[in-house]
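The file entry13.cif contains mmCIF, C-alpha atoms:
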```cif
data_final
loop_
_atom_site.label_atom_id
_atom_site.label_comp_id
_atom_site.auth_asym_id
_atom_site.auth_seq_id
_atom_site.Cartn_x
_atom_site.Cartn_y
_atom_site.Cartn_z
CA MET A 1 -7.82 -8.69 -8.99
CA PRO A 2 -10.71 -11.11 -9.61
CA ILE A 3 -10.20 -12.42 -6.06
CA PRO A 4 -10.28 -9.97 -3.11
CA THR A 5 -6.89 -9.29 -1.55
CA ILE A 6 -8.45 -9.28 1.93
CA GLU A 7 -12.01 -9.77 3.18
CA TRP A 8 -14.17 -10.66 6.19
CA VAL A 9 -15.60 -14.18 6.07
CA ASP A 10 -17.73 -15.62 8.89
CA GLY A 11 -15.98 -13.88 11.75
CA ARG A 12 -12.47 -14.33 10.33
CA ILE A 13 -10.19 -12.41 8.00
CA HIS A 14 -9.43 -14.11 4.70
CA LEU A 15 -6.41 -12.87 2.73
CA ILE A 16 -3.94 -13.76 0.01
CA ASP A 17 -0.55 -14.76 1.47
CA GLN A 18 1.64 -12.58 -0.74
CA THR A 19 4.89 -14.06 0.60
CA LEU A 20 4.22 -17.20 -1.46
CA LEU A 21 3.61 -15.55 -4.83
CA PRO A 22 4.26 -16.17 -7.68
CA ASN A 23 5.11 -19.81 -6.98
CA GLU A 24 1.98 -20.52 -4.98
CA PHE A 25 -1.39 -18.79 -4.78
CA LYS A 26 -2.73 -19.43 -1.29
CA GLN A 27 -5.39 -17.78 0.82
CA ILE A 28 -5.16 -17.97 4.60
CA TYR A 29 -7.37 -17.11 7.55
CA CYS A 30 -6.53 -14.86 10.48
CA ASP A 31 -8.52 -15.96 13.51
CA ASP A 32 -7.24 -13.45 16.06
CA VAL A 33 -5.62 -10.05 16.28
CA GLU A 34 -2.18 -11.59 16.83
CA SER A 35 -2.31 -13.36 13.48
CA VAL A 36 -3.39 -10.11 11.80
CA TRP A 37 -0.41 -8.30 13.37
CA GLU A 38 1.89 -11.07 12.13
CA ALA A 39 0.38 -10.95 8.62
CA ILE A 40 1.07 -7.21 8.40
CA LYS A 41 4.56 -7.41 9.89
CA SER A 42 5.67 -10.36 7.75
CA LEU A 43 4.20 -8.82 4.55
CA ARG A 44 1.62 -11.53 3.99
CA VAL A 45 -0.57 -8.49 3.42
CA ARG A 46 1.24 -5.35 2.23
CA GLY A 47 0.74 -2.09 0.39
CA ALA A 48 -0.52 0.97 2.23
CA PRO A 49 -4.25 0.72 1.37
CA ALA A 50 -4.32 -3.04 2.03
CA ILE A 51 -2.54 -2.54 5.36
CA GLY A 52 -5.19 0.02 6.29
CA ILE A 53 -7.94 -2.47 5.44
CA ALA A 54 -6.16 -5.17 7.46
CA GLY A 55 -5.97 -2.76 10.38
CA ALA A 56 -9.68 -1.93 10.23
CA LEU A 57 -10.75 -5.57 9.93
CA GLY A 58 -8.18 -6.55 12.57
CA ALA A 59 -9.62 -4.02 15.01
CA VAL A 60 -13.08 -5.52 14.49
CA LEU A 61 -11.73 -9.04 14.85
CA GLY A 62 -10.01 -8.06 18.09
CA ILE A 63 -13.26 -7.03 19.74
CA TRP A 64 -15.61 -9.41 17.94
CA LYS A 65 -15.84 -11.78 20.91
CA SER A 66 -15.72 -9.07 23.56
CA LYS A 67 -17.84 -9.83 26.60
CA ALA A 68 -17.97 -6.17 27.68
CA THR A 69 -21.39 -5.09 28.89
CA ASN A 70 -20.83 -1.34 28.84
CA TYR A 71 -19.21 1.12 26.47
CA PRO A 72 -16.27 2.26 28.68
CA ASP A 73 -15.06 -1.34 29.05
CA PHE A 74 -15.62 -2.01 25.34
CA ALA A 75 -13.78 1.18 24.34
CA ALA A 76 -10.85 0.20 26.55
CA GLU A 77 -10.66 -3.19 24.82
CA LEU A 78 -10.85 -1.58 21.40
CA LYS A 79 -8.09 0.89 22.30
CA LYS A 80 -5.85 -1.96 23.42
CA VAL A 81 -6.41 -3.72 20.08
CA THR A 82 -5.81 -0.64 17.92
CA ASP A 83 -2.69 0.33 19.88
CA TYR A 84 -1.34 -3.18 19.34
CA LEU A 85 -2.04 -3.21 15.61
CA ALA A 86 -0.43 0.21 15.27
CA THR A 87 2.92 -1.31 16.30
CA SER A 88 3.01 -3.68 13.32
CA ARG A 89 4.47 -1.27 10.74
CA PRO A 90 5.20 2.44 11.28
CA THR A 91 5.42 4.07 7.84
CA ALA A 92 2.14 3.50 5.97
CA VAL A 93 -0.23 6.17 7.25
CA ASN A 94 -3.28 4.26 5.97
CA LEU A 95 -2.94 1.90 8.93
CA PHE A 96 -3.27 4.67 11.48
CA TRP A 97 -5.97 6.41 9.44
CA ALA A 98 -8.08 3.24 9.40
CA LEU A 99 -7.56 2.45 13.10
CA THR A 100 -8.53 6.01 14.04
CA ARG A 101 -11.61 5.78 11.87
CA ILE A 102 -12.75 2.62 13.67
CA GLU A 103 -12.18 4.28 17.04
CA GLN A 104 -14.12 7.37 15.99
CA THR A 105 -16.99 5.25 14.68
CA ALA A 106 -17.21 3.47 18.03
CA GLU A 107 -17.32 6.77 19.88
CA LYS A 108 -19.98 8.13 17.55
CA HIS A 109 -22.25 5.14 18.25
CA LYS A 110 -21.39 4.58 21.91
CA ASP A 111 -25.06 4.62 22.96
CA LEU A 112 -25.78 1.40 21.06
CA GLU A 113 -25.90 -2.01 22.65
CA ILE A 114 -22.48 -3.66 22.48
CA GLU A 115 -23.53 -6.34 19.98
CA GLN A 116 -25.07 -3.69 17.75
CA LEU A 117 -21.92 -1.61 18.02
CA LYS A 118 -19.81 -4.54 16.84
CA GLY A 119 -21.96 -4.74 13.73
CA VAL A 120 -21.57 -1.02 13.11
CA LEU A 121 -17.78 -1.33 13.32
CA LEU A 122 -17.78 -4.22 10.86
CA ASP A 123 -19.93 -2.15 8.51
CA GLU A 124 -17.40 0.69 8.78
CA ALA A 125 -14.52 -1.65 7.93
CA GLN A 126 -16.50 -2.88 4.93
CA ASN A 127 -17.09 0.75 3.94
CA ILE A 128 -13.33 1.31 3.95
CA ILE A 129 -12.95 -1.61 1.53
CA GLU A 130 -15.65 -0.34 -0.82
CA GLU A 131 -14.30 3.20 -0.71
CA ASP A 132 -10.83 1.90 -1.55
CA ARG A 133 -12.18 0.09 -4.60
CA ALA A 134 -13.84 3.25 -5.84
CA ARG A 135 -10.76 5.34 -5.11
CA CYS A 136 -8.47 2.97 -7.01
CA ARG A 137 -10.66 3.06 -10.09
CA ALA A 138 -10.88 6.84 -9.94
CA ILE A 139 -7.09 7.04 -9.70
CA GLY A 140 -6.89 4.86 -12.79
CA GLN A 141 -9.30 7.04 -14.73
CA HIS A 142 -7.48 10.26 -13.84
CA GLY A 143 -4.07 8.79 -14.49
CA LEU A 144 -4.75 7.19 -17.85
CA ASN A 145 -5.00 10.68 -19.36
CA LEU A 146 -1.28 11.10 -18.64
CA LEU A 147 -0.40 8.15 -20.87
CA ARG A 148 -0.18 8.16 -24.65
CA ASN A 149 -0.71 5.24 -26.94
CA GLY A 150 2.59 3.39 -27.24
CA ASP A 151 4.07 4.63 -23.93
CA THR A 152 6.32 2.46 -21.81
CA ILE A 153 6.12 3.03 -18.06
CA LEU A 154 8.67 2.14 -15.40
CA THR A 155 7.30 1.17 -12.01
CA HIS A 156 8.90 0.18 -8.71
CA CYS A 157 7.69 -2.29 -6.05
CA ASN A 158 4.02 -3.32 -6.21
CA ALA A 159 1.14 -0.85 -6.20
CA GLY A 160 -1.45 -3.09 -7.82
CA GLY A 161 -4.50 -5.00 -6.73
CA LEU A 162 -2.44 -6.93 -4.17
CA ALA A 163 -1.55 -3.67 -2.42
CA THR A 164 -5.17 -2.50 -2.20
CA SER A 165 -8.65 -3.99 -2.01
CA ASP A 166 -8.55 -5.23 -5.60
CA TYR A 167 -7.31 -2.81 -8.32
CA GLY A 168 -4.29 -0.82 -7.29
CA THR A 169 -2.92 2.72 -7.36
CA ALA A 170 0.08 3.00 -9.71
CA LEU A 171 -1.00 -0.14 -11.55
CA ALA A 172 -4.58 1.16 -11.68
CA VAL A 173 -3.33 3.76 -14.15
CA MET A 174 -1.85 1.01 -16.29
CA PHE A 175 -4.88 -1.27 -15.99
CA SER A 176 -7.19 1.61 -16.95
CA ALA A 177 -5.05 2.63 -19.91
CA HIS A 178 -4.91 -0.97 -21.12
CA GLU A 179 -8.67 -1.41 -20.72
CA SER A 180 -9.29 1.83 -22.62
CA GLY A 181 -7.47 0.38 -25.62
CA LYS A 182 -4.14 2.17 -25.26
CA ASN A 183 -1.16 0.07 -26.28
CA ILE A 184 1.20 0.41 -23.32
CA SER A 185 4.05 -1.62 -21.92
CA VAL A 186 5.77 -1.67 -18.55
CA TYR A 187 9.27 -2.14 -17.18
CA ALA A 188 9.08 -3.43 -13.60
CA ASP A 189 12.00 -3.06 -11.20
CA GLU A 190 12.51 -6.32 -9.30
CA THR A 191 12.64 -4.27 -6.04
CA ARG A 192 15.25 -5.59 -3.66
CA PRO A 193 15.44 -7.10 -1.15
CA LEU A 194 12.04 -8.86 -1.17
CA LEU A 195 11.39 -8.65 -4.92
CA GLN A 196 7.84 -7.30 -4.83
CA GLY A 197 8.28 -6.05 -8.38
CA ALA A 198 9.43 -9.43 -9.66
CA ARG A 199 7.10 -11.59 -7.60
CA LEU A 200 3.96 -9.44 -7.53
CA THR A 201 3.93 -6.65 -10.10
CA ALA A 202 5.15 -8.80 -12.98
CA TRP A 203 2.60 -11.45 -11.99
CA GLU A 204 -0.30 -8.97 -11.84
CA LEU A 205 0.55 -7.33 -15.16
CA MET A 206 0.90 -10.68 -16.90
CA GLN A 207 -2.46 -11.76 -15.47
CA ALA A 208 -3.96 -8.59 -16.98
CA GLY A 209 -2.39 -9.21 -20.38
CA ILE A 210 -0.14 -6.14 -20.21
CA ASP A 211 3.29 -6.36 -21.84
CA VAL A 212 5.83 -6.33 -18.98
CA THR A 213 9.60 -6.59 -18.88
CA LEU A 214 11.40 -7.33 -15.61
CA ILE A 215 14.67 -5.55 -14.82
CA CYS A 216 17.03 -5.44 -11.87
CA ASP A 217 16.80 -2.22 -9.88
CA ASN A 218 20.26 -1.10 -11.03
CA MET A 219 19.22 -1.31 -14.71
CA ALA A 220 16.75 1.58 -14.53
CA ALA A 221 19.28 4.22 -15.57
CA GLN A 222 20.31 2.24 -18.61
CA VAL A 223 16.78 1.68 -19.94
CA MET A 224 16.06 5.38 -19.44
CA LYS A 225 19.26 6.32 -21.27
CA GLU A 226 18.25 4.04 -24.14
CA GLY A 227 14.97 5.94 -24.50
CA LYS A 228 12.82 2.98 -23.56
CA ILE A 229 10.86 4.79 -20.82
CA GLN A 230 8.32 7.61 -21.31
CA CYS A 231 7.33 8.01 -17.64
CA ALA A 232 7.62 6.45 -14.21
CA ILE A 233 4.62 5.77 -11.97
CA VAL A 234 4.89 4.55 -8.38
CA GLY A 235 2.63 4.21 -5.36
CA ALA A 236 3.09 5.73 -1.91
CA ASP A 237 2.94 4.80 1.75
CA ARG A 238 2.77 8.34 3.15
CA ILE A 239 2.72 11.77 1.52
CA ALA A 240 3.58 14.86 3.56
CA ALA A 241 1.84 18.21 3.14
CA ASN A 242 4.61 19.54 0.87
CA GLY A 243 4.43 16.50 -1.44
CA ASP A 244 7.46 14.62 -0.10
CA THR A 245 6.58 10.97 -0.61
CA ALA A 246 7.59 7.83 1.28
CA ASN A 247 7.52 4.69 -0.80
CA LYS A 248 9.43 1.42 -1.09
CA ILE A 249 13.20 1.77 -0.79
CA GLY A 250 14.67 2.54 -4.19
CA THR A 251 11.88 4.88 -5.26
CA TYR A 252 14.08 7.92 -4.59
CA ASN A 253 16.68 6.44 -6.94
CA VAL A 254 14.09 6.15 -9.71
CA ALA A 255 12.97 9.74 -9.19
CA ILE A 256 16.52 11.06 -9.44
CA LEU A 257 17.14 9.06 -12.60
CA ALA A 258 13.88 10.28 -14.12
CA LYS A 259 14.87 13.89 -13.41
CA VAL A 260 18.28 13.44 -15.04
CA HIS A 261 16.71 11.90 -18.14
CA ASP A 262 13.85 14.45 -18.31
CA ILE A 263 11.19 11.77 -17.78
CA PRO A 264 7.94 12.56 -15.89
CA PHE A 265 7.79 10.93 -12.45
CA TYR A 266 4.27 10.39 -11.10
CA VAL A 267 3.00 9.21 -7.72
CA ALA A 268 -0.42 7.52 -7.51
CA ALA A 269 -2.14 7.21 -4.14
CA PRO A 270 -5.53 7.67 -2.47
CA THR A 271 -6.11 10.68 -0.25
CA SER A 272 -6.04 8.31 2.73
CA THR A 273 -2.26 8.19 2.14
CA LEU A 274 -1.93 11.96 2.63
CA ASP A 275 -0.58 13.00 6.01
CA LEU A 276 -1.12 16.74 6.01
CA SER A 277 -0.11 16.91 9.66
CA LEU A 278 3.51 16.49 8.56
CA LYS A 279 4.99 19.55 6.86
CA THR A 280 7.79 17.63 5.16
CA GLY A 281 8.95 14.09 4.54
CA ASP A 282 11.72 14.51 7.11
CA LEU A 283 9.08 13.74 9.74
CA ILE A 284 7.93 10.44 8.21
CA PRO A 285 9.03 7.45 10.35
CA ILE A 286 11.01 4.93 8.30
CA GLU A 287 10.65 1.26 9.14
CA GLN A 288 13.82 -0.79 9.53
CA ARG A 289 13.63 -4.41 8.40
CA ALA A 290 15.49 -7.49 9.61
CA ALA A 291 19.03 -8.09 8.33
CA GLU A 292 18.07 -11.58 7.22
CA GLU A 293 15.89 -10.15 4.45
CA VAL A 294 19.10 -8.92 2.83
CA THR A 295 21.57 -11.64 3.80
CA GLU A 296 19.31 -14.69 3.58
CA GLY A 297 16.55 -13.65 1.22
CA PHE A 298 14.14 -16.50 0.53
CA GLY A 299 16.22 -18.94 2.59
CA SER A 300 19.53 -18.78 0.72
CA ARG A 301 22.51 -17.01 2.28
CA THR A 302 23.98 -14.41 -0.07
CA ALA A 303 26.31 -12.52 2.29
CA PRO A 304 28.95 -13.48 4.87
CA GLU A 305 27.53 -14.43 8.24
CA GLY A 306 27.91 -11.59 10.72
CA VAL A 307 28.17 -8.78 8.18
CA LYS A 308 26.50 -5.54 9.29
CA VAL A 309 23.30 -4.66 7.43
CA TYR A 310 21.33 -1.44 7.07
CA SER A 311 17.87 -2.13 5.67
CA PRO A 312 15.33 0.73 5.64
CA ALA A 313 12.06 -0.45 4.08
CA PHE A 314 11.27 2.98 2.60
CA ASP A 315 12.86 6.15 1.36
CA VAL A 316 11.42 9.63 0.89
CA THR A 317 11.33 11.24 -2.55
CA PRO A 318 11.52 15.05 -2.31
CA ALA A 319 8.54 16.83 -3.83
CA HIS A 320 10.67 18.75 -6.34
CA LEU A 321 11.34 15.45 -8.14
CA ILE A 322 7.64 14.60 -8.47
CA THR A 323 5.91 15.78 -11.65
CA ALA A 324 2.39 15.20 -10.30
CA ILE A 325 0.47 13.22 -7.68
CA ILE A 326 -2.59 11.29 -8.87
CA THR A 327 -5.38 10.75 -6.35
CA GLU A 328 -9.02 9.78 -6.65
CA LYS A 329 -9.87 13.49 -6.68
CA GLY A 330 -7.70 14.36 -9.64
CA ILE A 331 -4.12 15.27 -10.49
CA ALA A 332 -2.23 17.48 -8.06
CA HIS A 333 0.61 19.65 -9.40
CA PRO A 334 3.17 21.79 -7.56
CA PRO A 335 3.01 23.69 -5.32
CA TYR A 336 1.76 20.68 -3.39
CA GLU A 337 1.14 22.64 -0.21
CA GLU A 338 -1.83 24.13 -2.06
CA SER A 339 -2.96 21.33 -4.37
CA LEU A 340 -2.80 18.58 -1.75
CA ALA A 341 -4.48 20.75 0.88
CA SER A 342 -7.47 21.14 -1.41
CA GLN A 343 -7.62 17.38 -2.03
CA GLY A 344 -7.31 16.53 1.62
CA ASP A 345 -10.35 18.60 2.58
#
```
Turn this file's structure into structure tokens for me.
Amino acid sequence: MPIPTIEWVDGRIHLIDQTLLPNEFKQIYCDDVESVWEAIKSLRVRGAPAIGIAGALGAVLGIWKSKATNYPDFAAELKKVTDYLATSRPTAVNLFWALTRIEQTAEKHKDLEIEQLKGVLLDEAQNIIEEDRARCRAIGQHGLNLLRNGDTILTHCNAGGLATSDYGTALAVMFSAHESGKNISVYADETRPLLQGARLTAWELMQAGIDVTLICDNMAAQVMKEGKIQCAIVGADRIAANGDTANKIGTYNVAILAKVHDIPFYVAAPTSTLDLSLKTGDLIPIEQRAAEEVTEGFGSRTAPEGVKVYSPAFDVTPAHLITAIITEKGIAHPPYEESLASQGD
């Protein structure tokens, strides 16, 4: 991404409104913590790493104008802000990781004057952004070694620059392979119900000059059967200690299909997406989205009024379906309890 997905500008948060893409490229400002919460909840900013960055910057924004004169009062204000932001979306662990990191930074520097402490917290949020950029590029470099010249990759949802600070996780592998001179192509699932694959992934890959073909989610089995796909690469919102991986709804389907067709299925994510406190994916909270996203997607009713809707935003792919997990530290292979533990240190 030549333009940052999200950044701090003169005491405000500046971000790309992803709900408008690909029809309109628009950047908006968040002036208060409530608008940051809304941006996360409504998917104006989305993707686990980007949500974590939004949380960190949002925490700083929430206390930026604090009039507290002592640390206990300031810490109480900060806790109120981080608790509020934590309610925006429950599945992506990067959000909670980033909020905790801001809280811990405040505690570590509690002897500073309050105005100095605000600056330290902003610096920490900026550090999270810079670290994410480095992590994404490292993921790309590790992952490109899994791709051969001429490979076609299937991906689901959007794990590109829009989902991170500027380069991506799953798409980082594709960007890096393309930049290294490998001739690759991509099939992108449209990703119902909000079409992140169609609206965002296809747009990003076209911007990068990578050959991309858009398919409906229910076409994945057919293109695999036809031998068009050499591997699948997806991102992640939370990875449990055993390798079970939560990602956009429909990812589990892709993993099952890849297994049936003997196609490698890779997950690409930074170590900030690891949640080693959870033994298995059964413990990952799954966000439920509004029925209107299914019945009235993008303003046009496509289902009878009053029909019941079940709309989980994520599913959990069991570790035994995952060929390898690519992080900035390298490529983790089963057994994940061991390989991920070493990466999470």
Open item on the list: I'd like to know which of A:Asp123, A:Lys65, A:Thr164, A:Thr317 is closest to Asp31 in chain A, using all atoms listed in the file.
Closed with: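 Answer, going by the shortest atom-to-atom distance: A:Lys65.
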Task: All residues 9 Å or closer to Asp189 in chain A, only C-alpha atoms, same chain fewer than 5 positions away omitted, as a list in words - done: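 In the requested format, the answer is Leu154, Thr155, His156, Cys157, Leu195, Gln196, Gly197, Ala198, Thr201, Thr213, Leu214, Ile215, Cys216, Asp217, Asn218, Met219 and Ala220 of chain A.
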Give me a file of those residues, with C-alpha atoms, as a compact mmCIF listing (two decimals), in the coordinates of the input.
```
# COMPACT_ATOMS: atom_id res chain seq x y z
CA LEU A 154 8.67 2.14 -15.40
CA THR A 155 7.30 1.17 -12.01
CA HIS A 156 8.90 0.18 -8.71
CA CYS A 157 7.69 -2.29 -6.05
CA LEU A 195 11.39 -8.65 -4.92
CA GLN A 196 7.84 -7.30 -4.83
CA GLY A 197 8.28 -6.05 -8.38
CA ALA A 198 9.43 -9.43 -9.66
CA THR A 201 3.93 -6.65 -10.10
CA THR A 213 9.60 -6.59 -18.88
CA LEU A 214 11.40 -7.33 -15.61
CA ILE A 215 14.67 -5.55 -14.82
CA CYS A 216 17.03 -5.44 -11.87
CA ASP A 217 16.80 -2.22 -9.88
CA ASN A 218 20.26 -1.10 -11.03
CA MET A 219 19.22 -1.31 -14.71
CA ALA A 220 16.75 1.58 -14.53
```
Open item on the list: For the PyMOL selection byres ((chain A and resi 90) around 6), applied here, can you spell out every residue it catches as a PyMOL selection string?
Closed with: chain A and resi 89+91+287
Open item on the list: Which residues, named as in the file, does the PyMOL selection byres ((chain A and resi 276-280) around 7) pick out? Answer as a list in words.
Closed with: Ala240, Ala241, Asn242, Asp244, Leu274, Asp275, Gly281, Asp282 and Leu283 of chain A
- [ ] Name the residues that the PyMOL selection byres ((chain A and resi 212) around 8) picks from the file above, as a ChimeraX atom specification, using the file's chain letters and numbers.
- [x] /A:185-188,202,205-206,210-211,213-214
Open item on the list: Quick check, in Å to one decimal: how far apart do CA of Gln116 in chain A and CA of Ile53 in chain A lie?
Closed with: 21.1 Å
- [ ] Excluding range 97-99 of chain A and any residue of its chain fewer than 6 positions from it, enumerate the residues within 10 Å of it, using all atoms listed in the file, and give them as a count of residues only.
- [x] 26
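For the pair CA of Thr327 in chain A and CA of Phe175 in chain A, the separation is 15.4 Å.
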Could you name the residues that touch range 10-12 of chain A at 8 Å or less, counting only C-alpha atoms, but leaving out those on the same chain fewer than 5 positions away, as a compact mmCIF listing (two decimals) with C-alpha atoms, in the frame of the given file?
```txt
# COMPACT_ATOMS: atom_id res chain seq x y z
CA TYR A 29 -7.37 -17.11 7.55
CA CYS A 30 -6.53 -14.86 10.48
CA ASP A 31 -8.52 -15.96 13.51
CA ASP A 32 -7.24 -13.45 16.06
CA LEU A 61 -11.73 -9.04 14.85
CA TRP A 64 -15.61 -9.41 17.94
```
Task: Residue with smallest distance to Gly209 in chain A - pool A:His178, A:Lys118, A:Arg148, A:Lys228, counting all atoms listed in the file - done: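 Closest residue, counting all atoms listed in the file: A:His178.
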Open item on the list: Just the number, please: distance in Å from CA of Glu337 in chain A to CA of Ala313 in chain A, one decimal.
Closed with: 25.9 Å
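Using all atoms listed in the file, the nearest neighbour of Asp132 in chain A within the list A:Ser339, A:Ser42, A:Thr323, A:Thr169 is A:Thr169.
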Give me, as a Markdown table, the closest atom pair and its distance (Å, one decimal) for every residue of range 187-300 of chain A within a cut-off of 7 Å of range 14-24 of chain A, counting only C-alpha atoms, rows sorted by chain and rising number.
```
| residue | atom | partner | partner_atom | distance |
| --- | --- | --- | --- | --- |
| A:Arg199 | CA | A:Pro22 | CA | 5.4 |
| A:Leu200 | CA | A:Leu21 | CA | 6.7 |
| A:Trp203 | CA | A:Pro22 | CA | 6.6 |
```
Filled-in N, CA, C and O atoms of range 251-263 of chain A, supplied as an mmCIF file, in the coordinates of the input:
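File selection-v1.cif, as written:
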```cif
data_model
loop_
_atom_site.group_PDB
_atom_site.id
_atom_site.type_symbol
_atom_site.label_atom_id
_atom_site.label_comp_id
_atom_site.auth_asym_id
_atom_site.auth_seq_id
_atom_site.Cartn_x
_atom_site.Cartn_y
_atom_site.Cartn_z
ATOM 1 N N THR A 251 12.716 3.942 -4.507
ATOM 2 C CA THR A 251 11.880 4.880 -5.260
ATOM 3 C C THR A 251 12.612 6.203 -5.492
ATOM 4 O O THR A 251 12.542 6.786 -6.586
ATOM 5 N N TYR A 252 13.315 6.681 -4.477
ATOM 6 C CA TYR A 252 14.080 7.920 -4.590
ATOM 7 C C TYR A 252 15.091 7.821 -5.732
ATOM 8 O O TYR A 252 15.263 8.762 -6.516
ATOM 9 N N ASN A 253 15.743 6.657 -5.834
ATOM 10 C CA ASN A 253 16.680 6.440 -6.940
ATOM 11 C C ASN A 253 16.001 6.646 -8.285
ATOM 12 O O ASN A 253 16.539 7.315 -9.183
ATOM 13 N N VAL A 254 14.820 6.046 -8.441
ATOM 14 C CA VAL A 254 14.090 6.150 -9.710
ATOM 15 C C VAL A 254 13.754 7.605 -10.010
ATOM 16 O O VAL A 254 13.872 8.064 -11.161
ATOM 17 N N ALA A 255 13.338 8.341 -8.993
ATOM 18 C CA ALA A 255 12.970 9.740 -9.190
ATOM 19 C C ALA A 255 14.159 10.581 -9.651
ATOM 20 O O ALA A 255 14.041 11.440 -10.529
ATOM 21 N N ILE A 256 15.316 10.340 -9.045
ATOM 22 C CA ILE A 256 16.520 11.060 -9.440
ATOM 23 C C ILE A 256 16.876 10.748 -10.894
ATOM 24 O O ILE A 256 17.187 11.640 -11.696
ATOM 25 N N LEU A 257 16.827 9.473 -11.241
ATOM 26 C CA LEU A 257 17.140 9.060 -12.600
ATOM 27 C C LEU A 257 16.157 9.659 -13.609
ATOM 28 O O LEU A 257 16.546 10.081 -14.701
ATOM 29 N N ALA A 258 14.884 9.695 -13.234
ATOM 30 C CA ALA A 258 13.880 10.280 -14.120
ATOM 31 C C ALA A 258 14.162 11.763 -14.346
ATOM 32 O O ALA A 258 14.038 12.275 -15.467
ATOM 33 N N LYS A 259 14.552 12.457 -13.294
ATOM 34 C CA LYS A 259 14.870 13.890 -13.410
ATOM 35 C C LYS A 259 16.038 14.108 -14.358
ATOM 36 O O LYS A 259 15.994 14.981 -15.242
ATOM 37 N N VAL A 260 17.092 13.306 -14.208
ATOM 38 C CA VAL A 260 18.280 13.440 -15.040
ATOM 39 C C VAL A 260 17.966 13.202 -16.510
ATOM 40 O O VAL A 260 18.513 13.856 -17.401
ATOM 41 N N HIS A 261 17.041 12.266 -16.765
ATOM 42 C CA HIS A 261 16.710 11.900 -18.140
ATOM 43 C C HIS A 261 15.465 12.632 -18.666
ATOM 44 O O HIS A 261 14.946 12.290 -19.725
ATOM 45 N N ASP A 262 14.990 13.616 -17.901
ATOM 46 C CA ASP A 262 13.850 14.450 -18.310
ATOM 47 C C ASP A 262 12.615 13.602 -18.606
ATOM 48 O O ASP A 262 11.930 13.767 -19.613
ATOM 49 N N ILE A 263 12.341 12.682 -17.676
ATOM 50 C CA ILE A 263 11.190 11.770 -17.780
ATOM 51 C C ILE A 263 10.203 12.110 -16.668
ATOM 52 O O ILE A 263 10.595 12.232 -15.500
#
```
